$ cat protein-v6.cif   # mmCIF, C-alpha atoms and all ligand atoms
data_input
#
loop_
_atom_site.label_atom_id
_atom_site.label_comp_id
_atom_site.auth_asym_id
_atom_site.auth_seq_id
_atom_site.Cartn_x
_atom_site.Cartn_y
_atom_site.Cartn_z
CA MET A 1 -71.89 49.37 -10.64
CA PHE A 2 -70.66 49.57 -14.21
CA ASP A 3 -67.56 51.68 -14.73
CA TYR A 4 -68.65 53.93 -17.60
CA LEU A 5 -66.03 56.54 -16.82
CA THR A 6 -63.15 54.54 -18.29
CA TYR A 7 -64.91 54.80 -21.68
CA VAL A 8 -65.77 58.51 -21.71
CA ARG A 9 -63.94 61.80 -22.09
CA GLU A 10 -64.75 62.90 -18.58
CA GLY A 11 -63.55 66.44 -19.18
CA ASN A 12 -66.48 66.98 -21.58
CA PHE A 13 -69.03 66.18 -18.85
CA PRO A 14 -71.66 67.07 -17.82
CA HIS A 15 -72.78 66.49 -21.40
CA ILE A 16 -74.79 69.09 -23.34
CA TRP A 17 -77.95 67.01 -23.68
CA CYS A 18 -81.04 68.40 -21.96
CA SER A 19 -82.46 66.99 -18.75
CA GLY A 20 -84.21 63.71 -19.59
CA CYS A 21 -82.91 63.48 -23.17
CA GLY A 22 -82.66 59.81 -24.12
CA HIS A 23 -79.37 60.18 -25.97
CA GLY A 24 -77.26 59.62 -22.82
CA ILE A 25 -78.99 56.26 -22.29
CA VAL A 26 -78.07 55.21 -25.84
CA LEU A 27 -74.44 56.16 -25.22
CA LYS A 28 -74.39 54.10 -22.02
CA SER A 29 -75.92 51.10 -23.80
CA PHE A 30 -73.28 51.37 -26.52
CA ILE A 31 -70.50 51.50 -23.92
CA ARG A 32 -71.78 48.35 -22.19
CA ALA A 33 -72.01 46.62 -25.57
CA ILE A 34 -68.37 47.28 -26.55
CA ASP A 35 -67.27 46.37 -23.04
CA LYS A 36 -69.06 43.00 -23.28
CA LEU A 37 -67.62 42.38 -26.72
CA GLY A 38 -64.15 43.20 -25.44
CA ILE A 39 -63.51 45.62 -28.28
CA HIS A 40 -60.38 47.65 -27.64
CA ARG A 41 -60.71 51.39 -28.20
CA ASP A 42 -58.15 51.23 -31.01
CA GLU A 43 -60.25 48.70 -32.91
CA ALA A 44 -63.34 50.87 -33.07
CA VAL A 45 -64.16 54.11 -34.85
CA MET A 46 -67.30 56.10 -34.16
CA VAL A 47 -68.44 58.40 -36.95
CA SER A 48 -71.20 60.97 -36.48
CA GLY A 49 -72.95 63.66 -38.49
CA ILE A 50 -74.55 66.78 -37.04
CA GLY A 51 -77.33 67.00 -34.46
CA CYS A 52 -77.77 66.37 -30.75
CA SER A 53 -77.44 62.63 -31.38
CA SER A 54 -74.24 63.13 -33.33
CA ARG A 55 -72.68 64.80 -30.28
CA THR A 56 -72.23 61.27 -28.89
CA ALA A 57 -68.91 61.11 -30.72
CA GLY A 58 -67.54 63.87 -28.48
CA TYR A 59 -68.10 61.89 -25.30
CA VAL A 60 -66.89 58.37 -25.96
CA ASP A 61 -63.17 57.75 -25.61
CA ILE A 62 -62.55 55.66 -28.74
CA ASN A 63 -61.44 56.86 -32.19
CA THR A 64 -64.09 59.35 -33.26
CA LEU A 65 -64.89 61.38 -36.34
CA HIS A 66 -67.51 64.15 -36.07
CA THR A 67 -68.35 65.00 -39.67
CA THR A 68 -70.92 67.11 -41.55
CA HIS A 69 -74.70 67.01 -41.57
CA GLY A 70 -76.02 63.86 -43.24
CA ARG A 71 -72.62 62.57 -44.35
CA ALA A 72 -71.58 60.29 -41.50
CA ILE A 73 -72.26 57.12 -43.50
CA ALA A 74 -70.20 58.43 -46.43
CA PHE A 75 -67.20 59.16 -44.15
CA ALA A 76 -67.70 55.80 -42.41
CA THR A 77 -67.67 54.04 -45.78
CA GLY A 78 -64.24 55.58 -46.46
CA VAL A 79 -62.91 54.53 -43.04
CA LYS A 80 -64.17 50.96 -43.45
CA PHE A 81 -62.77 50.70 -46.95
CA ALA A 82 -59.36 51.96 -45.87
CA ASN A 83 -59.21 49.45 -43.01
CA PRO A 84 -61.90 46.74 -43.10
CA LYS A 85 -60.61 45.28 -39.81
CA LEU A 86 -62.04 48.20 -37.85
CA HIS A 87 -65.44 48.15 -36.18
CA VAL A 88 -67.04 51.25 -37.66
CA ILE A 89 -70.05 52.59 -35.81
CA VAL A 90 -72.15 55.48 -37.08
CA VAL A 91 -74.23 57.52 -34.63
CA THR A 92 -76.82 59.72 -36.26
CA GLY A 93 -80.29 61.22 -35.83
CA ASP A 94 -83.53 60.66 -37.74
CA GLY A 95 -82.95 63.96 -39.55
CA ASP A 96 -79.25 63.40 -40.16
CA ALA A 97 -79.74 59.84 -41.48
CA THR A 98 -83.03 59.99 -43.34
CA ALA A 99 -83.48 63.60 -44.51
CA ILE A 100 -80.23 65.19 -45.71
CA GLY A 101 -78.41 61.84 -45.42
CA GLY A 102 -81.18 59.66 -46.84
CA ASN A 103 -79.38 58.72 -50.02
CA HIS A 104 -76.21 57.63 -48.22
CA TYR A 105 -78.39 55.57 -45.91
CA ILE A 106 -80.25 53.57 -48.54
CA HIS A 107 -77.24 53.06 -50.77
CA ALA A 108 -75.02 51.85 -47.93
CA ALA A 109 -77.79 49.37 -47.09
CA ARG A 110 -77.99 48.32 -50.74
CA ARG A 111 -74.23 47.72 -50.89
CA ASN A 112 -74.39 45.89 -47.58
CA ILE A 113 -71.16 47.43 -46.31
CA ASP A 114 -70.16 46.25 -42.83
CA LEU A 115 -71.11 49.31 -40.76
CA THR A 116 -73.15 49.51 -37.57
CA VAL A 117 -75.55 52.43 -37.69
CA LEU A 118 -77.28 53.63 -34.53
CA ILE A 119 -80.10 55.99 -35.44
CA TYR A 120 -81.42 57.97 -32.50
CA ASN A 121 -85.02 58.51 -33.52
CA ASN A 122 -86.66 61.31 -31.54
CA TYR A 123 -89.19 62.22 -34.27
CA ILE A 124 -87.77 65.75 -34.61
CA TYR A 125 -84.79 67.98 -35.42
CA GLY A 126 -83.75 68.47 -31.81
CA MET A 127 -80.61 70.56 -32.19
CA THR A 128 -82.15 73.26 -34.36
CA GLY A 129 -85.24 73.78 -32.23
CA GLY A 130 -87.84 71.25 -33.29
CA GLN A 131 -88.55 71.28 -37.02
CA VAL A 132 -90.47 68.41 -38.65
CA SER A 133 -88.21 65.48 -39.57
CA PRO A 134 -88.98 62.59 -41.94
CA THR A 135 -90.08 60.53 -38.91
CA THR A 136 -92.36 63.06 -37.21
CA PRO A 137 -95.68 61.24 -36.78
CA ARG A 138 -98.79 62.49 -38.55
CA GLY A 139 -100.61 65.00 -36.41
CA ALA A 140 -97.61 65.74 -34.16
CA ARG A 141 -96.65 69.34 -33.52
CA ALA A 142 -93.28 70.78 -34.44
CA SER A 143 -92.03 74.34 -34.89
CA THR A 144 -92.75 73.95 -38.61
CA SER A 145 -96.09 72.18 -38.07
CA PRO A 146 -97.75 74.24 -35.33
CA PHE A 147 -101.18 72.87 -36.27
CA GLY A 148 -100.07 69.25 -36.60
CA ASN A 149 -97.93 67.45 -39.18
CA ILE A 150 -99.77 66.49 -42.38
CA GLU A 151 -96.92 64.39 -43.85
CA PRO A 152 -96.77 60.62 -43.42
CA PRO A 153 -93.53 59.49 -41.72
CA PHE A 154 -90.73 57.24 -42.96
CA ASN A 155 -90.27 53.90 -41.26
CA ILE A 156 -86.50 53.99 -40.62
CA SER A 157 -86.13 50.26 -40.10
CA GLY A 158 -88.41 49.44 -43.03
CA LEU A 159 -86.29 51.64 -45.33
CA ALA A 160 -83.09 49.79 -44.42
CA SER A 161 -84.74 46.39 -44.83
CA ALA A 162 -86.20 47.27 -48.21
CA ALA A 163 -82.88 48.70 -49.39
CA GLY A 164 -80.98 45.51 -48.53
CA ALA A 165 -79.49 45.75 -45.02
CA SER A 166 -78.51 42.41 -43.53
CA PHE A 167 -79.40 43.31 -39.92
CA VAL A 168 -82.16 45.65 -38.77
CA ALA A 169 -83.38 46.08 -35.21
CA ARG A 170 -85.45 48.55 -33.25
CA GLY A 171 -84.99 49.33 -29.59
CA ASP A 172 -85.78 52.06 -27.09
CA VAL A 173 -84.15 53.72 -24.11
CA TYR A 174 -86.70 52.56 -21.53
CA HIS A 175 -85.71 48.95 -22.27
CA ALA A 176 -82.02 49.75 -21.96
CA GLN A 177 -80.77 46.22 -21.28
CA LYS A 178 -82.47 44.96 -24.40
CA LEU A 179 -81.04 47.91 -26.31
CA GLU A 180 -77.53 46.90 -25.23
CA LYS A 181 -78.15 43.39 -26.60
CA LEU A 182 -79.40 44.74 -29.93
CA ILE A 183 -76.35 46.98 -30.28
CA THR A 184 -74.12 44.03 -29.42
CA GLN A 185 -75.73 41.89 -32.13
CA ALA A 186 -75.52 44.70 -34.66
CA ILE A 187 -71.78 45.17 -34.03
CA GLN A 188 -71.16 41.43 -34.31
CA LYS A 189 -73.04 41.14 -37.58
CA LYS A 190 -71.00 41.28 -40.78
CA GLY A 191 -72.90 43.54 -43.15
CA PHE A 192 -74.91 46.74 -42.95
CA SER A 193 -76.54 46.73 -39.51
CA VAL A 194 -79.02 49.26 -38.26
CA VAL A 195 -80.40 49.79 -34.79
CA GLU A 196 -83.18 52.33 -34.76
CA VAL A 197 -83.35 53.60 -31.19
CA LEU A 198 -86.40 55.44 -29.93
CA SER A 199 -84.77 58.14 -27.80
CA PRO A 200 -87.06 60.89 -26.51
CA CYS A 201 -86.48 64.62 -26.90
CA PRO A 202 -88.42 66.29 -24.08
CA THR A 203 -87.32 69.79 -25.13
CA ALA A 204 -88.16 70.07 -28.82
CA TYR A 205 -90.73 67.26 -29.21
CA GLY A 206 -92.22 66.44 -25.81
CA ARG A 207 -93.00 70.03 -24.86
CA ARG A 208 -95.05 70.55 -28.02
CA ASN A 209 -96.84 67.21 -27.79
CA ARG A 210 -98.13 67.13 -24.22
CA MET A 211 -95.20 65.02 -23.04
CA ALA A 212 -92.90 67.64 -21.56
CA SER A 213 -91.84 65.44 -18.68
CA PRO A 214 -89.04 62.94 -19.35
CA VAL A 215 -90.86 60.47 -17.10
CA THR A 216 -94.02 60.66 -19.27
CA LEU A 217 -91.93 60.01 -22.39
CA MET A 218 -90.28 57.00 -20.75
CA GLU A 219 -93.69 55.68 -19.67
CA TRP A 220 -94.86 56.05 -23.25
CA LEU A 221 -91.95 53.87 -24.41
CA ARG A 222 -92.62 51.37 -21.62
CA ASP A 223 -96.28 51.04 -22.65
CA ASN A 224 -95.99 51.12 -26.45
CA CYS A 225 -92.79 49.27 -27.38
CA ILE A 226 -93.76 45.64 -27.88
CA PRO A 227 -91.28 42.79 -28.45
CA VAL A 228 -91.61 41.22 -31.94
CA LYS A 229 -92.82 37.85 -30.68
CA LYS A 230 -95.59 39.35 -28.60
CA TYR A 231 -96.50 41.79 -31.37
CA GLU A 232 -96.97 38.95 -33.84
CA LYS A 233 -99.59 37.38 -31.60
CA MET A 234 -101.60 40.60 -31.26
CA SER A 235 -104.73 41.39 -33.26
CA GLU A 236 -104.82 44.33 -35.71
CA GLU A 237 -106.79 46.27 -33.13
CA GLU A 238 -104.32 45.60 -30.32
CA ARG A 239 -101.43 46.64 -32.57
CA SER A 240 -102.84 50.12 -33.10
CA GLY A 241 -100.38 52.72 -31.81
CA LYS A 242 -97.88 50.05 -30.75
CA ILE A 243 -94.29 49.79 -31.96
CA ARG A 244 -92.57 46.52 -32.81
CA THR A 245 -89.14 46.19 -31.15
CA GLY A 246 -86.36 43.63 -31.33
CA VAL A 247 -84.53 42.07 -34.26
CA LEU A 248 -86.56 42.71 -37.42
CA ILE A 249 -84.15 41.43 -40.09
CA ASP A 250 -81.13 39.14 -39.73
CA ILE A 251 -79.97 37.59 -43.00
CA GLU A 252 -76.71 36.50 -44.60
CA LYS A 253 -75.61 38.17 -47.81
CA PRO A 254 -72.34 39.20 -49.50
CA GLU A 255 -70.58 42.08 -47.78
CA PHE A 256 -69.17 44.96 -49.83
CA THR A 257 -65.54 45.20 -48.61
CA GLU A 258 -65.17 41.41 -48.83
CA GLU A 259 -66.53 41.39 -52.37
CA TYR A 260 -64.07 44.12 -53.24
CA ARG A 261 -61.19 42.18 -51.70
CA LYS A 262 -62.21 39.08 -53.69
CA LEU A 263 -62.28 41.08 -56.90
CA VAL A 264 -58.82 42.55 -56.25
CA ASP A 265 -57.42 39.09 -55.42
CA SER A 266 -58.87 37.57 -58.60
CA MET A 267 -57.29 40.32 -60.71
CA GLN A 268 -53.89 39.76 -59.10
CA VAL A 269 -53.96 36.04 -59.88
CA ARG A 270 -54.70 36.74 -63.51
CA GLY A 271 -52.27 39.64 -63.89
CA MET B 272 -70.44 63.56 -4.47
CA ALA B 273 -73.11 62.89 -1.86
CA GLU B 274 -72.92 59.39 -0.50
CA GLY B 275 -75.60 57.20 1.08
CA GLN B 276 -74.29 56.02 4.46
CA PRO B 277 -74.42 52.24 4.72
CA ALA B 278 -75.39 51.12 8.23
CA SER B 279 -74.49 47.48 7.60
CA LYS B 280 -72.61 45.48 4.95
CA GLU B 281 -75.81 44.53 3.15
CA LEU B 282 -76.85 48.08 2.44
CA ALA B 283 -76.23 49.44 -1.02
CA ILE B 284 -73.88 52.32 -1.61
CA ILE B 285 -75.68 54.80 -3.84
CA ARG B 286 -73.62 57.66 -5.15
CA VAL B 287 -75.12 60.70 -6.84
CA ASN B 288 -72.91 63.07 -8.76
CA VAL B 289 -74.83 66.26 -8.06
CA GLU B 290 -72.69 68.21 -10.52
CA TRP B 291 -73.91 65.99 -13.38
CA CYS B 292 -77.49 65.22 -12.22
CA LYS B 293 -79.96 67.33 -14.22
CA GLY B 294 -83.00 66.42 -12.13
CA CYS B 295 -84.94 64.57 -14.83
CA GLU B 296 -86.55 62.32 -12.17
CA ILE B 297 -86.27 59.18 -14.31
CA CYS B 298 -84.42 57.29 -11.55
CA VAL B 299 -87.00 58.37 -8.96
CA ALA B 300 -90.01 57.39 -11.09
CA PHE B 301 -88.80 53.91 -12.06
CA CYS B 302 -87.19 52.77 -8.80
CA PRO B 303 -89.33 49.76 -7.84
CA LYS B 304 -88.69 50.39 -4.13
CA ASP B 305 -89.27 54.13 -3.92
CA VAL B 306 -85.78 54.68 -2.53
CA LEU B 307 -85.08 58.00 -4.21
CA GLU B 308 -86.57 61.47 -3.92
CA MET B 309 -86.02 64.89 -5.43
CA GLU B 310 -84.64 67.69 -3.29
CA GLY B 311 -83.84 71.10 -4.68
CA GLY B 312 -83.86 69.84 -8.28
CA LYS B 313 -81.43 66.98 -7.61
CA VAL B 314 -81.96 63.39 -6.61
CA THR B 315 -81.37 62.28 -3.05
CA VAL B 316 -81.40 58.91 -1.29
CA ALA B 317 -84.39 58.87 1.06
CA ARG B 318 -84.81 55.19 2.02
CA LEU B 319 -81.51 53.41 1.53
CA GLU B 320 -82.60 50.38 3.56
CA GLU B 321 -85.28 49.61 0.92
CA CYS B 322 -82.78 49.38 -1.95
CA THR B 323 -82.45 45.94 -3.53
CA LYS B 324 -79.47 46.93 -5.73
CA CYS B 325 -81.53 46.20 -8.83
CA MET B 326 -79.45 48.88 -10.63
CA LEU B 327 -82.37 50.20 -12.66
CA CYS B 328 -81.65 53.77 -11.58
CA GLU B 329 -78.05 53.47 -12.75
CA LEU B 330 -79.14 51.80 -16.01
CA ARG B 331 -81.55 54.54 -17.06
CA CYS B 332 -79.87 57.71 -15.79
CA PRO B 333 -79.10 59.67 -18.99
CA ASP B 334 -76.44 61.72 -17.20
CA PHE B 335 -74.08 59.08 -15.74
CA ALA B 336 -74.99 60.66 -12.40
CA ILE B 337 -76.09 57.78 -10.16
CA THR B 338 -74.28 54.54 -9.35
CA VAL B 339 -75.14 51.62 -7.08
CA GLU B 340 -72.70 49.24 -5.43
C1 LIG A 401 -75.82 71.33 -44.36
C2 LIG A 401 -76.52 71.63 -43.10
N1 LIG A 401 -77.86 71.88 -43.13
C3 LIG A 401 -78.52 72.14 -41.98
C4 LIG A 401 -77.86 72.15 -40.78
C5 LIG A 401 -78.63 72.47 -39.53
N2 LIG A 401 -78.87 71.31 -38.69
C6 LIG A 401 -78.06 70.99 -37.66
S1 LIG A 401 -78.56 69.64 -36.81
C7 LIG A 401 -79.93 69.48 -37.82
C8 LIG A 401 -80.95 68.40 -37.59
C9 LIG A 401 -80.63 67.41 -36.54
O1 LIG A 401 -81.70 66.54 -36.35
P1 LIG A 401 -81.48 65.02 -36.08
O2 LIG A 401 -80.50 64.45 -37.01
O3 LIG A 401 -82.82 64.38 -36.05
O4 LIG A 401 -80.77 64.97 -34.64
P2 LIG A 401 -81.24 65.44 -33.17
O5 LIG A 401 -80.68 66.79 -32.97
O6 LIG A 401 -82.74 65.40 -33.12
O7 LIG A 401 -80.63 64.41 -32.27
C10 LIG A 401 -79.95 70.47 -38.80
C11 LIG A 401 -81.01 70.61 -39.82
C12 LIG A 401 -76.48 71.89 -40.79
N3 LIG A 401 -75.77 71.85 -39.63
N4 LIG A 401 -75.84 71.63 -41.94
S1 LIG A 402 -82.99 69.31 -27.87
FE1 LIG A 402 -83.91 67.29 -27.67
S2 LIG A 402 -82.48 65.89 -28.68
FE2 LIG A 402 -81.38 67.80 -28.29
S3 LIG A 402 -80.37 67.50 -26.28
FE3 LIG A 402 -82.33 68.50 -25.90
S4 LIG A 402 -83.74 66.83 -25.48
FE4 LIG A 402 -81.95 65.92 -26.51
S1 LIG A 403 -80.82 50.04 -7.21
FE1 LIG A 403 -83.00 49.65 -7.63
S2 LIG A 403 -83.96 49.72 -5.62
FE2 LIG A 403 -81.96 50.66 -5.39
S3 LIG A 403 -82.34 52.85 -5.68
FE3 LIG A 403 -81.75 52.02 -7.67
S4 LIG A 403 -83.69 51.54 -8.66
FE4 LIG A 403 -84.11 51.77 -6.47
S1 LIG A 404 -81.83 59.89 -13.63
FE1 LIG A 404 -79.82 60.79 -13.34
S2 LIG A 404 -80.01 62.93 -14.00
FE2 LIG A 404 -82.08 62.11 -13.76
S3 LIG A 404 -82.62 62.71 -11.64
FE3 LIG A 404 -81.76 60.65 -11.55
S4 LIG A 404 -79.56 60.95 -11.13
FE4 LIG A 404 -80.40 62.91 -11.81
#

$ encode --input "protein-v6.cif" --output "structure tokens"
Amino acid sequence: MFDYLTYVREGNFPHIWCSGCGHGIVLKSFIRAIDKLGIHRDEAVMVSGIGCSSRTAGYVDINTLHTTHGRAIAFATGVKFANPKLHVIVVTGDGDATAIGGNHYIHAARRNIDLTVLIYNNYIYGMTGGQVSPTTPRGARASTSPFGNIEPPFNISGLASAAGASFVARGDVYHAQKLEKLITQAIQKKGFSVVEVLSPCPTAYGRRNRMASPVTLMEWLRDNCIPVKKYEKMSEEERSGKIRTGVLIDIEKPEFTEEYRKLVDSMQVRG
Amino acid sequence: MAEGQPASKELAIIRVNVEWCKGCEICVAFCPKDVLEMEGGKVTVARLEECTKCMLCELRCPDFAITVE
């Protein structure tokens, strides 16, 4: 038995997430990760935006900042800059991070600021009743695409990699032990670190897409999330409909707050 | 809290917090030993003696509602 309760604000439970929503499994994986890393609650700050995923900040008993829609990364940048010693973790949704917050997302990746960003990707705006998000797959139904979505989706991990993030991983809530490891690695990494987590929304997405049952959504993750190494060995045909999971990018590059510190130090020597 | 009654030391202790369980059935569906069942919209321990303490139910419960010792 893992003692999750020492890390949560028990008075806020049961949480508001729907039956079978994956977000609770992400929260648990995060808790196990900080427990393994031995991070004290005073050394960590969780920053969230707005959405069901962003409600995570209300449940975990560390320093938390629940901000405005799309702006979590901007607030987190301020926190990290004010005190670079802190572990700053952003929890956000696919809508929060890549629609209204898309610019903050790519520019934080470009700067390579040392934040850990957990993006709960459920392919939809869950909190507001199921509108199309930038990650809704083509053909999927949403309240704003009742006949099927005609837009191509963003690849959340691909965006961060292309913009310059030093660590990018993708995990899912069925493979929760692996998810914990990815979150652990992302927190340890110095630099902008993203974990895209596939976390099902039975209520706003599943119901409209013939996957109303949480068990069906979990089975879908079980059957379609393929570890990178195995994926690389698969033929084009076998890859169809499958999702690559694991560490996608892990590179060393200058980190923003350290570069800033160096600049300040060099000015002081001269002055 | 409903508690599974261990008959011997080897048996697992499975606790379900029925106030928090939302009846999603994830723990029931992915228990490799078919230990759990649904009853009145909540999970219940039906075959405790089969439990191998693999902890998969605890790992995947989104509601912090089931623990295994
Ligand atoms: C400025 C602003 N615009 C719109 C909203 C309405 N709103 C609240 S949550 C949300 C989308 C949340 O979707 P996502 O980030 O994918 O998270 P989920 O709820 O699916 O976990 C929107 C559009 C808002 N709160 N503030
Ligand atoms: S609406 Fe979707 S994302 Fe929001 S709590 Fe319910 S299942 Fe989770
Ligand atoms: S610990 Fe494993 S075997 Fe026991 S009830 Fe949970 S999932 Fe089933
Ligand atoms: S996984 Fe958790 S919430 Fe879902 S039925 Fe089992 S105990 Fe209840």

$ residues_near_ligand --input "protein-v6.cif" --ligand "ligand LIG 402 (chain A)" --cutoff "6 Å" --atoms "all atoms listed in the file" --output "list of chain:residue names"
A:Trp17, A:Cys18, A:Cys21, A:Cys52, A:Gly126, A:Met127, A:Cys201, A:Pro202, A:Thr203, A:Ala204

$ write_last_selection --input "protein-v6.cif" --atoms "C-alpha atoms" --output "CSV table (one decimal), in the frame of the given file"
chain,number,residue,atom,x,y,z
A,17,TRP,CA,-78.0,67.0,-23.7
A,18,CYS,CA,-81.0,68.4,-22.0
A,21,CYS,CA,-82.9,63.5,-23.2
A,52,CYS,CA,-77.8,66.4,-30.8
A,126,GLY,CA,-83.8,68.5,-31.8
A,127,MET,CA,-80.6,70.6,-32.2
A,201,CYS,CA,-86.5,64.6,-26.9
A,202,PRO,CA,-88.4,66.3,-24.1
A,203,THR,CA,-87.3,69.8,-25.1
A,204,ALA,CA,-88.2,70.1,-28.8

$ residues_near_ligand --input "protein-v6.cif" --ligand "ligand LIG 401 (chain A)" --cutoff "6 Å" --atoms "all atoms listed in the file" --output "ChimeraX atom specification"
/A:50-53,69,93-96,122,124-128

$ write_last_selection --input "protein-v6.cif" --atoms "C-alpha atoms" --output "compact mmCIF listing (two decimals), in the coordinates of the input"
# COMPACT_ATOMS: atom_id res chain seq x y z
CA ILE A 50 -74.55 66.78 -37.04
CA GLY A 51 -77.33 67.00 -34.46
CA CYS A 52 -77.77 66.37 -30.75
CA SER A 53 -77.44 62.63 -31.38
CA HIS A 69 -74.70 67.01 -41.57
CA GLY A 93 -80.29 61.22 -35.83
CA ASP A 94 -83.53 60.66 -37.74
CA GLY A 95 -82.95 63.96 -39.55
CA ASP A 96 -79.25 63.40 -40.16
CA ASN A 122 -86.66 61.31 -31.54
CA ILE A 124 -87.77 65.75 -34.61
CA TYR A 125 -84.79 67.98 -35.42
CA GLY A 126 -83.75 68.47 -31.81
CA MET A 127 -80.61 70.56 -32.19
CA THR A 128 -82.15 73.26 -34.36

$ residues_near_ligand --input "protein-v6.cif" --ligand "ligand LIG 404 (chain A)" --cutoff "10 Å" --atoms "all atoms listed in the file" --output "PDB file with C-alpha atoms, in the frame of the given file"
ATOM      1  CA  CYS A  18     -81.040  68.400 -21.960  1.00  0.00           C
ATOM      2  CA  SER A  19     -82.460  66.990 -18.750  1.00  0.00           C
ATOM      3  CA  GLY A  20     -84.210  63.710 -19.590  1.00  0.00           C
ATOM      4  CA  CYS A  21     -82.910  63.480 -23.170  1.00  0.00           C
ATOM      5  CA  GLY A  24     -77.260  59.620 -22.820  1.00  0.00           C
ATOM      6  CA  ILE A  25     -78.990  56.260 -22.290  1.00  0.00           C
ATOM      7  CA  PRO A 214     -89.040  62.940 -19.350  1.00  0.00           C
ATOM      8  CA  VAL A 215     -90.860  60.470 -17.100  1.00  0.00           C
TER       9      VAL A 215
ATOM     10  CA  ARG B 286     -73.620  57.660  -5.150  1.00  0.00           C
ATOM     11  CA  VAL B 287     -75.120  60.700  -6.840  1.00  0.00           C
ATOM     12  CA  ASN B 288     -72.910  63.070  -8.760  1.00  0.00           C
ATOM     13  CA  VAL B 289     -74.830  66.260  -8.060  1.00  0.00           C
ATOM     14  CA  GLU B 290     -72.690  68.210 -10.520  1.00  0.00           C
ATOM     15  CA  TRP B 291     -73.910  65.990 -13.380  1.00  0.00           C
ATOM     16  CA  CYS B 292     -77.490  65.220 -12.220  1.00  0.00           C
ATOM     17  CA  LYS B 293     -79.960  67.330 -14.220  1.00  0.00           C
ATOM     18  CA  GLY B 294     -83.000  66.420 -12.130  1.00  0.00           C
ATOM     19  CA  CYS B 295     -84.940  64.570 -14.830  1.00  0.00           C
ATOM     20  CA  GLU B 296     -86.550  62.320 -12.170  1.00  0.00           C
ATOM     21  CA  ILE B 297     -86.270  59.180 -14.310  1.00  0.00           C
ATOM     22  CA  CYS B 298     -84.420  57.290 -11.550  1.00  0.00           C
ATOM     23  CA  VAL B 299     -87.000  58.370  -8.960  1.00  0.00           C
ATOM     24  CA  ALA B 300     -90.010  57.390 -11.090  1.00  0.00           C
ATOM     25  CA  PHE B 301     -88.800  53.910 -12.060  1.00  0.00           C
ATOM     26  CA  CYS B 302     -87.190  52.770  -8.800  1.00  0.00           C
ATOM     27  CA  LEU B 307     -85.080  58.000  -4.210  1.00  0.00           C
ATOM     28  CA  GLU B 308     -86.570  61.470  -3.920  1.00  0.00           C
ATOM     29  CA  MET B 309     -86.020  64.890  -5.430  1.00  0.00           C
ATOM     30  CA  GLU B 310     -84.640  67.690  -3.290  1.00  0.00           C
ATOM     31  CA  GLY B 312     -83.860  69.840  -8.280  1.00  0.00           C
ATOM     32  CA  LYS B 313     -81.430  66.980  -7.610  1.00  0.00           C
ATOM     33  CA  VAL B 314     -81.960  63.390  -6.610  1.00  0.00           C
ATOM     34  CA  THR B 315     -81.370  62.280  -3.050  1.00  0.00           C
ATOM     35  CA  LEU B 327     -82.370  50.200 -12.660  1.00  0.00           C
ATOM     36  CA  CYS B 328     -81.650  53.770 -11.580  1.00  0.00           C
ATOM     37  CA  GLU B 329     -78.050  53.470 -12.750  1.00  0.00           C
ATOM     38  CA  LEU B 330     -79.140  51.800 -16.010  1.00  0.00           C
ATOM     39  CA  ARG B 331     -81.550  54.540 -17.060  1.00  0.00           C
ATOM     40  CA  CYS B 332     -79.870  57.710 -15.790  1.00  0.00           C
ATOM     41  CA  PRO B 333     -79.100  59.670 -18.990  1.00  0.00           C
ATOM     42  CA  ASP B 334     -76.440  61.720 -17.200  1.00  0.00           C
ATOM     43  CA  PHE B 335     -74.080  59.080 -15.740  1.00  0.00           C
ATOM     44  CA  ALA B 336     -74.990  60.660 -12.400  1.00  0.00           C
ATOM     45  CA  ILE B 337     -76.090  57.780 -10.160  1.00  0.00           C
ATOM     46  CA  THR B 338     -74.280  54.540  -9.350  1.00  0.00           C
TER      47      THR B 338
END

$ interface_residues --input "protein-v6.cif" --of "chain A" --to "chain B" --cutoff "10 Å" --atoms "only C-alpha atoms" --output "ChimeraX atom specification"
/A:1-5,13-29,173-177,213-219

$ atom_distance --input "protein-v6.cif" --atom1 "atom CA of A:Ala109" --atom2 "atom CA of A:Leu263"
20.1 Å

$ closest_residue --input "protein-v6.cif" --among "A:Asn209, A:Asn112, A:Gln185, A:Thr64" --to "A:Pro146" --atoms "all atoms listed in the file"
A:Asn209

$ atom_distance --input "protein-v6.cif" --atom1 "atom CA of A:Ser193" --atom2 "atom CA of A:Ile89"
9.5 Å

$ atom_distance --input "protein-v6.cif" --atom1 "atom CA of A:Val228" --atom2 "atom CA of A:Arg244"
5.5 Å

$ residues_around --input "protein-v6.cif" --residues "B:Val306" --least-positions-apart "2" --cutoff "6 Å" --atoms "all atoms listed in the file" --output "PyMOL selection string"
chain B and resi 304+317-318

$ decode --input "protein-v6.cif" --residues "stretch 39-52 of chain A" --atoms "C-alpha atoms" --output "PDB file, in the first residue's frame"
ATOM      1  CA  ILE A  39      11.240  16.180  -2.669  1.00  0.00           C
ATOM      2  CA  HIS A  40       9.962  18.026   0.383  1.00  0.00           C
ATOM      3  CA  ARG A  41       6.650  19.829  -0.058  1.00  0.00           C
ATOM      4  CA  ASP A  42       8.346  23.179   0.569  1.00  0.00           C
ATOM      5  CA  GLU A  43      10.752  22.604  -2.322  1.00  0.00           C
ATOM      6  CA  ALA A  44       8.047  22.123  -4.925  1.00  0.00           C
ATOM      7  CA  VAL A  45       5.468  24.431  -6.460  1.00  0.00           C
ATOM      8  CA  MET A  46       2.642  23.200  -8.642  1.00  0.00           C
ATOM      9  CA  VAL A  47       1.161  25.746 -11.029  1.00  0.00           C
ATOM     10  CA  SER A  48      -2.022  25.100 -12.988  1.00  0.00           C
ATOM     11  CA  GLY A  49      -4.267  26.914 -15.451  1.00  0.00           C
ATOM     12  CA  ILE A  50      -7.985  26.289 -15.889  1.00  0.00           C
ATOM     13  CA  GLY A  51      -9.714  23.037 -16.820  1.00  0.00           C
ATOM     14  CA  CYS A  52     -10.454  19.700 -15.201  1.00  0.00           C
TER      15      CYS A  52
END
